[in-house]
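Student: Below is the file my_file14.cif, which contains mmCIF, C-alpha atoms and all ligand atoms.
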data_upload
loop_
_atom_site.label_atom_id
_atom_site.label_comp_id
_atom_site.auth_asym_id
_atom_site.auth_seq_id
_atom_site.Cartn_x
_atom_site.Cartn_y
_atom_site.Cartn_z
CA MET C 217 95.04 72.18 83.28
CA ALA C 218 94.87 75.89 82.34
CA ARG C 219 95.54 76.48 78.66
CA LEU C 220 96.90 80.00 79.26
CA GLU C 221 99.65 80.38 81.86
CA ILE C 222 101.66 83.39 83.03
CA ILE C 223 105.28 82.64 83.95
CA LEU C 224 108.42 84.58 84.80
CA GLY C 225 111.36 83.66 82.57
CA ASP C 226 113.58 84.09 79.55
CA ILE C 227 111.70 83.21 76.36
CA THR C 228 114.92 82.15 74.58
CA ARG C 229 115.23 79.21 76.96
CA GLN C 230 111.73 77.76 76.47
CA ASP C 231 111.45 74.33 74.85
CA VAL C 232 108.15 74.78 73.01
CA ASP C 233 106.85 74.44 69.44
CA ALA C 234 107.00 78.21 68.87
CA ILE C 235 108.17 81.34 70.64
CA VAL C 236 106.97 84.74 69.49
CA ASN C 237 109.43 87.55 68.77
CA ALA C 238 108.44 91.18 69.43
CA ALA C 239 110.16 92.30 66.25
CA ASN C 240 110.23 95.43 64.11
CA CYS C 241 108.99 95.72 60.54
CA SER C 242 112.42 95.04 59.02
CA LEU C 243 112.61 91.63 60.77
CA LEU C 244 116.38 92.19 60.82
CA GLY C 245 116.81 92.11 64.61
CA GLY C 246 117.10 94.82 67.24
CA GLY C 247 117.38 95.14 71.00
CA GLY C 248 115.17 93.78 73.77
CA VAL C 249 113.64 90.35 73.24
CA ASP C 250 114.33 90.62 69.48
CA GLY C 251 118.05 90.93 70.19
CA ALA C 252 117.99 88.12 72.73
CA ILE C 253 116.22 85.74 70.34
CA HIS C 254 118.61 86.47 67.47
CA ARG C 255 121.64 86.06 69.74
CA ALA C 256 120.39 82.70 71.02
CA ALA C 257 119.20 81.41 67.62
CA GLY C 258 122.42 82.25 65.81
CA PRO C 259 123.09 83.76 62.36
CA GLU C 260 120.90 81.32 60.43
CA LEU C 261 117.83 83.04 61.89
CA LEU C 262 118.84 86.40 60.42
CA ALA C 263 119.65 84.72 57.10
CA GLU C 264 116.11 83.30 56.93
CA CYS C 265 114.59 86.61 58.07
CA ARG C 266 116.39 88.43 55.26
CA ARG C 267 114.49 86.28 52.78
CA LEU C 268 111.13 87.33 54.32
CA HIS C 269 111.45 90.98 53.19
CA GLY C 270 109.93 92.48 56.36
CA CYS C 271 106.52 92.31 57.97
CA GLU C 272 103.70 94.81 58.53
CA THR C 273 102.76 95.89 62.05
CA GLY C 274 100.09 93.55 63.41
CA LYS C 275 100.95 90.76 60.97
CA ALA C 276 103.27 87.78 61.62
CA LYS C 277 105.79 85.56 59.81
CA ILE C 278 107.27 82.21 60.89
CA THR C 279 110.83 80.88 60.71
CA GLY C 280 112.84 77.99 62.09
CA GLY C 281 114.26 78.17 65.63
CA TYR C 282 117.84 77.08 64.77
CA ARG C 283 119.97 77.02 67.95
CA LEU C 284 116.99 77.90 70.18
CA PRO C 285 115.26 75.06 72.08
CA ALA C 286 112.02 76.23 70.39
CA ARG C 287 111.24 74.65 66.99
CA HIS C 288 109.92 77.86 65.43
CA VAL C 289 110.02 81.63 65.91
CA ILE C 290 106.92 83.63 64.98
CA HIS C 291 107.92 87.24 64.34
CA THR C 292 105.39 90.03 64.82
CA PRO C 293 106.01 93.81 64.81
CA GLY C 294 103.88 95.34 67.55
CA PRO C 295 102.53 98.91 67.42
CA VAL C 296 104.48 101.80 68.93
CA TRP C 297 102.29 103.57 71.53
CA HIS C 298 101.43 107.12 70.42
CA GLY C 299 98.79 107.84 73.04
CA GLY C 300 96.05 105.48 71.88
CA GLY C 301 94.46 107.46 69.10
CA TYR C 302 96.16 105.70 66.20
CA GLY C 303 94.63 102.22 66.26
CA GLU C 304 97.35 100.86 68.54
CA GLU C 305 94.95 98.65 70.54
CA GLU C 306 93.53 96.93 67.45
CA LEU C 307 97.03 96.47 66.01
CA LEU C 308 98.22 94.80 69.23
CA ARG C 309 95.14 92.52 69.20
CA SER C 310 96.03 91.67 65.61
CA CYS C 311 99.61 90.72 66.63
CA TYR C 312 98.36 88.07 69.06
CA ARG C 313 95.71 86.75 66.69
CA SER C 314 98.06 86.61 63.67
CA CYS C 315 100.68 84.69 65.68
CA LEU C 316 98.12 82.14 66.92
CA GLU C 317 96.72 81.68 63.40
CA LEU C 318 100.25 80.97 62.11
CA ALA C 319 100.83 78.56 65.00
CA SER C 320 97.63 76.66 64.09
CA GLU C 321 98.59 76.59 60.40
CA ASN C 322 102.02 75.17 61.26
CA GLY C 323 100.93 72.54 63.79
CA CYS C 324 102.46 74.37 66.76
CA GLU C 325 100.58 73.13 69.87
CA THR C 326 102.60 75.05 72.48
CA VAL C 327 103.25 78.77 71.98
CA ASP C 328 105.10 81.22 74.24
CA PHE C 329 104.67 85.01 73.95
CA PRO C 330 106.71 87.88 75.35
CA SER C 331 104.87 91.04 76.40
CA ILE C 332 104.64 92.57 72.92
CA SER C 333 105.14 96.36 72.59
CA THR C 334 105.48 97.08 76.33
CA GLY C 335 109.24 97.73 76.22
CA VAL C 336 110.85 100.04 73.69
CA TYR C 337 107.43 100.58 72.04
CA ARG C 338 106.05 101.97 75.33
CA PHE C 339 102.56 100.42 75.18
CA PRO C 340 101.05 100.79 78.70
CA LEU C 341 101.16 97.46 80.52
CA ASP C 342 97.67 97.77 82.04
CA LYS C 343 96.12 98.00 78.57
CA ALA C 344 98.51 95.62 76.76
CA SER C 345 98.05 92.82 79.29
CA ARG C 346 94.25 92.92 79.01
CA ILE C 347 94.41 92.98 75.20
CA ALA C 348 96.86 90.07 75.13
CA VAL C 349 95.00 87.86 77.63
CA GLY C 350 91.58 88.63 76.14
CA THR C 351 92.70 87.88 72.57
CA ILE C 352 94.46 84.66 73.55
CA LEU C 353 91.51 83.38 75.62
CA ASP C 354 89.06 84.14 72.80
CA TYR C 355 91.28 82.29 70.30
CA LEU C 356 91.76 79.25 72.56
CA GLU C 357 87.97 78.87 72.91
CA GLU C 358 87.67 78.26 69.16
CA HIS C 359 90.96 76.40 68.60
CA PRO C 360 91.51 73.17 70.56
CA GLU C 361 94.54 72.42 68.37
CA ILE C 362 96.55 74.92 70.45
CA ARG C 363 97.26 72.95 73.63
CA ARG C 364 98.96 75.64 75.72
CA VAL C 365 99.91 79.30 75.50
CA ARG C 366 102.19 81.01 78.02
CA MET C 367 103.03 84.66 78.57
CA VAL C 368 106.74 84.59 79.44
CA CYS C 369 107.35 87.76 81.51
CA PHE C 370 110.90 89.01 81.95
CA ASP C 371 110.29 90.84 85.23
CA GLU C 372 107.94 90.72 88.23
CA ARG C 373 106.22 94.02 87.39
CA THR C 374 105.19 92.75 83.94
CA LYS C 375 104.09 89.39 85.38
CA ALA C 376 101.90 91.12 87.99
CA TRP C 377 99.95 92.90 85.24
CA TYR C 378 99.42 89.69 83.25
CA ASP C 379 98.41 87.75 86.38
CA ARG C 380 95.88 90.49 87.12
CA ALA C 381 94.51 90.50 83.57
CA LEU C 382 94.10 86.70 83.65
CA GLU C 383 92.29 86.90 86.99
CA GLU C 384 89.95 89.62 85.70
CA LEU C 385 89.17 87.80 82.45
CA THR C 386 88.56 84.26 83.75
N1 LIG C 401 112.45 86.89 77.40
C1 LIG C 401 111.18 87.37 77.60
N2 LIG C 401 110.86 88.67 77.55
C2 LIG C 401 111.88 89.55 77.30
C3 LIG C 401 113.21 89.14 77.08
C4 LIG C 401 113.47 87.75 77.14
N3 LIG C 401 114.70 87.24 76.94
N4 LIG C 401 113.97 90.26 76.86
C5 LIG C 401 113.14 91.32 76.96
N5 LIG C 401 111.89 90.90 77.23
C6 LIG C 401 110.67 91.68 77.46
C7 LIG C 401 110.84 93.11 77.88
O1 LIG C 401 111.20 93.20 79.26
C8 LIG C 401 109.43 93.62 77.63
O2 LIG C 401 108.59 93.25 78.71
O3 LIG C 401 109.95 91.77 76.24
C9 LIG C 401 108.99 92.82 76.38
C10 LIG C 401 108.96 93.60 75.08
O4 LIG C 401 109.99 94.58 75.09
P1 LIG C 401 110.91 94.87 73.79
O5 LIG C 401 111.81 93.74 73.57
O6 LIG C 401 111.50 96.24 73.98
O7 LIG C 401 109.87 94.90 72.57
P2 LIG C 401 108.85 96.02 72.07
O8 LIG C 401 108.42 96.94 73.16
O9 LIG C 401 107.79 95.24 71.33
O10 LIG C 401 109.72 96.89 71.06
C11 LIG C 401 110.11 96.27 69.86
O11 LIG C 401 112.40 96.83 70.18
O12 LIG C 401 114.07 95.32 70.27
C12 LIG C 401 113.45 96.19 69.45
O13 LIG C 401 113.70 95.25 67.26
C13 LIG C 401 112.76 95.50 68.29
O14 LIG C 401 112.29 97.56 67.20
C14 LIG C 401 111.71 96.50 67.95
C15 LIG C 401 111.29 97.04 69.31
#
Once you've parsed the file, please lay out its structure as structure tokens.

Tutor:
Amino acid sequence: MARLEIILGDITRQDVDAIVNAANCSLLGGGGVDGAIHRAAGPELLAECRRLHGCETGKAKITGGYRLPARHVIHTPGPVWHGGGYGEEELLRSCYRSCLELASENGCETVDFPSISTGVYRFPLDKASRIAVGTILDYLEEHPEIRRVRMVCFDERTKAWYDRALEELT
């Protein structure tokens, strides 16, 4: 049974211990997957997020899942792509690692990720997919407590890049 899977789907519909939100530093919602998660979770999610007072890029904070099927939401602001010379790759790596560390600390055995930073934040998919898959695989090697991680891709083009990265890295 592979511990990292790539699927096509809507992350707000996944019944797992934690889904990850590609948030912004305010943690007060937005468009894209952030908007979809807040819409599906309901107003209690925003109320809890308000009490978190934001989050730094590359770091992560955890909340309840409220009306979502997922028990928790782990919020992480990804880096905006500015061409690659501003530490964007290391910040994206840090997003995935910080989320998995929080999942371990909170007993979350199943964790679903969206493709962080590859929408509005314009991070190139070829690079982002390799960073994501590589970071997740490295973490899973050291952390048997995480039973399964999935990349939940919203479209075929994104899924193709993650499938390719998984093939290259395993
Ligand atoms: N399920 C899974 N993936 C989704 C969903 C969904 N329901 N909706 C969108 N996505 C995908 C997008 O297609 C993209 O592949 O999530 C990926 C990340 O795109 P964005 O949501 O635009 O996130 P990001 O690029 O990290 O930009 C974050 O956008 O929404 C705002 O508040 C957010 O300011 C922050 C910025």

Student: Between C:Gly258, C:Gly301, C:Gly274, C:Pro330, single out the one closest to ligand LIG 401 (chain C), counting only C-alpha atoms and all ligand atoms.

Tutor: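 Checking each of C:Gly258, C:Gly301, C:Gly274, C:Pro330 against ligand LIG 401 (chain C), counting only C-alpha atoms and all ligand atoms, the winner is C:Pro330.
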
Student: First collect every listed atom of ligand LIG 401 (chain C); then fit an axis-aligned box around them, widen it by 4 Å on each side, and give centre and edge lengths in Å to one decimal, as AutoDock Vina command-line options.

Tutor:
--center_x 111.2 --center_y 92.2 --center_z 73.2 --size_x 14.9 --size_y 18.7 --size_z 20.1

Student: If we count all atoms listed in the file, what is near Glu384 (chain C) at a cut-off of 10 Å, once residues fewer than 3 positions away on the same chain are taken out, given as a PyMOL selection string?

Tutor: chain C and resi 346+349-350+378-381

Student: Give me a file of those residues, with C-alpha atoms, as a PDB file, in the coordinates of the input.

Tutor:
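Everything below was put into selection-v1.pdb:
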ATOM      1  CA  ARG C 346      94.250  92.920  79.010  1.00  0.00           C
ATOM      2  CA  VAL C 349      95.000  87.860  77.630  1.00  0.00           C
ATOM      3  CA  GLY C 350      91.580  88.630  76.140  1.00  0.00           C
ATOM      4  CA  TYR C 378      99.420  89.690  83.250  1.00  0.00           C
ATOM      5  CA  ASP C 379      98.410  87.750  86.380  1.00  0.00           C
ATOM      6  CA  ARG C 380      95.880  90.490  87.120  1.00  0.00           C
ATOM      7  CA  ALA C 381      94.510  90.500  83.570  1.00  0.00           C
TER       8      ALA C 381
END

Student: Using only C-alpha atoms and all ligand atoms, find each protein or nucleic acid residue lying at most 7 Å from ligand LIG 401 (chain C); present the set as number ranges by chain.

Tutor: C: 225-228, 238-240, 245-253, 293-294, 330-338, 368-371, 374

Student: Work out how far apart CA of Ile222 (chain C) and CA of Met367 (chain C) are and give it in Å to one decimal.

Tutor: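 Pair CA of Ile222 (chain C) / CA of Met367 (chain C) returns 4.8 Å.
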
Student: May I ask which of the residues C:Leu382, C:Cys311, C:Cys265, C:Leu316 is the closest one to Arg363 (chain C), counting only C-alpha atoms?

Tutor: C:Leu316

Student: Out of C:Arg364, C:Arg373, C:Arg229, C:His359, which residue has the shortest atom-to-atom distance to Arg287 (chain C) when counting all atoms listed in the file?

Tutor: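 Of C:Arg364, C:Arg373, C:Arg229, C:His359, the one nearest Arg287 (chain C), counting all atoms listed in the file, is C:Arg229.
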
Student: Between CA of Ala344 (chain C) and CA of Asp231 (chain C), what distance in Å does the model show, to one decimal?

Tutor: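 Going from CA of Ala344 (chain C) over to CA of Asp231 (chain C), I get 25.0 Å.
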
Student: What does the distance between CA of Tyr302 (chain C) and CA of Lys343 (chain C) come to in Å, to one decimal place?

Tutor: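 Answer for the CA of Tyr302 (chain C) to CA of Lys343 (chain C) separation: 14.6 Å.
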
Student: Nearest to Glu264 (chain C): which of C:Leu353, C:Leu284, C:Leu243, C:Ala276 is it, counting only C-alpha atoms?

Tutor: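 Among the listed residues, C:Leu243 lies closest to Glu264 (chain C).
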
Student: Please list as an NGL selection string every residue within 12 Å of region 322-326 of chain C, counting only C-alpha atoms and excluding residues in the same chain fewer than 6 positions away.

Tutor: :C and (219-221 or 230-236 or 277-280 or 286-290 or 315-316 or 356 or 359-367)

Student: Quick one: of C:Leu341, C:Ala256, C:Ala348, C:Leu244, who's nearest to Trp297 (chain C), counting all atoms listed in the file?

Tutor: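 For Trp297 (chain C), the nearest of the given residues is C:Leu341.
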
Student: Rank C:Ile352, C:Ile347, C:Val296, C:Val327 by their smallest atom-to-atom distance to Arg313 (chain C), using all atoms listed in the file, and report the top residue only.

Tutor: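 Nearest to Arg313 (chain C): C:Ile352.
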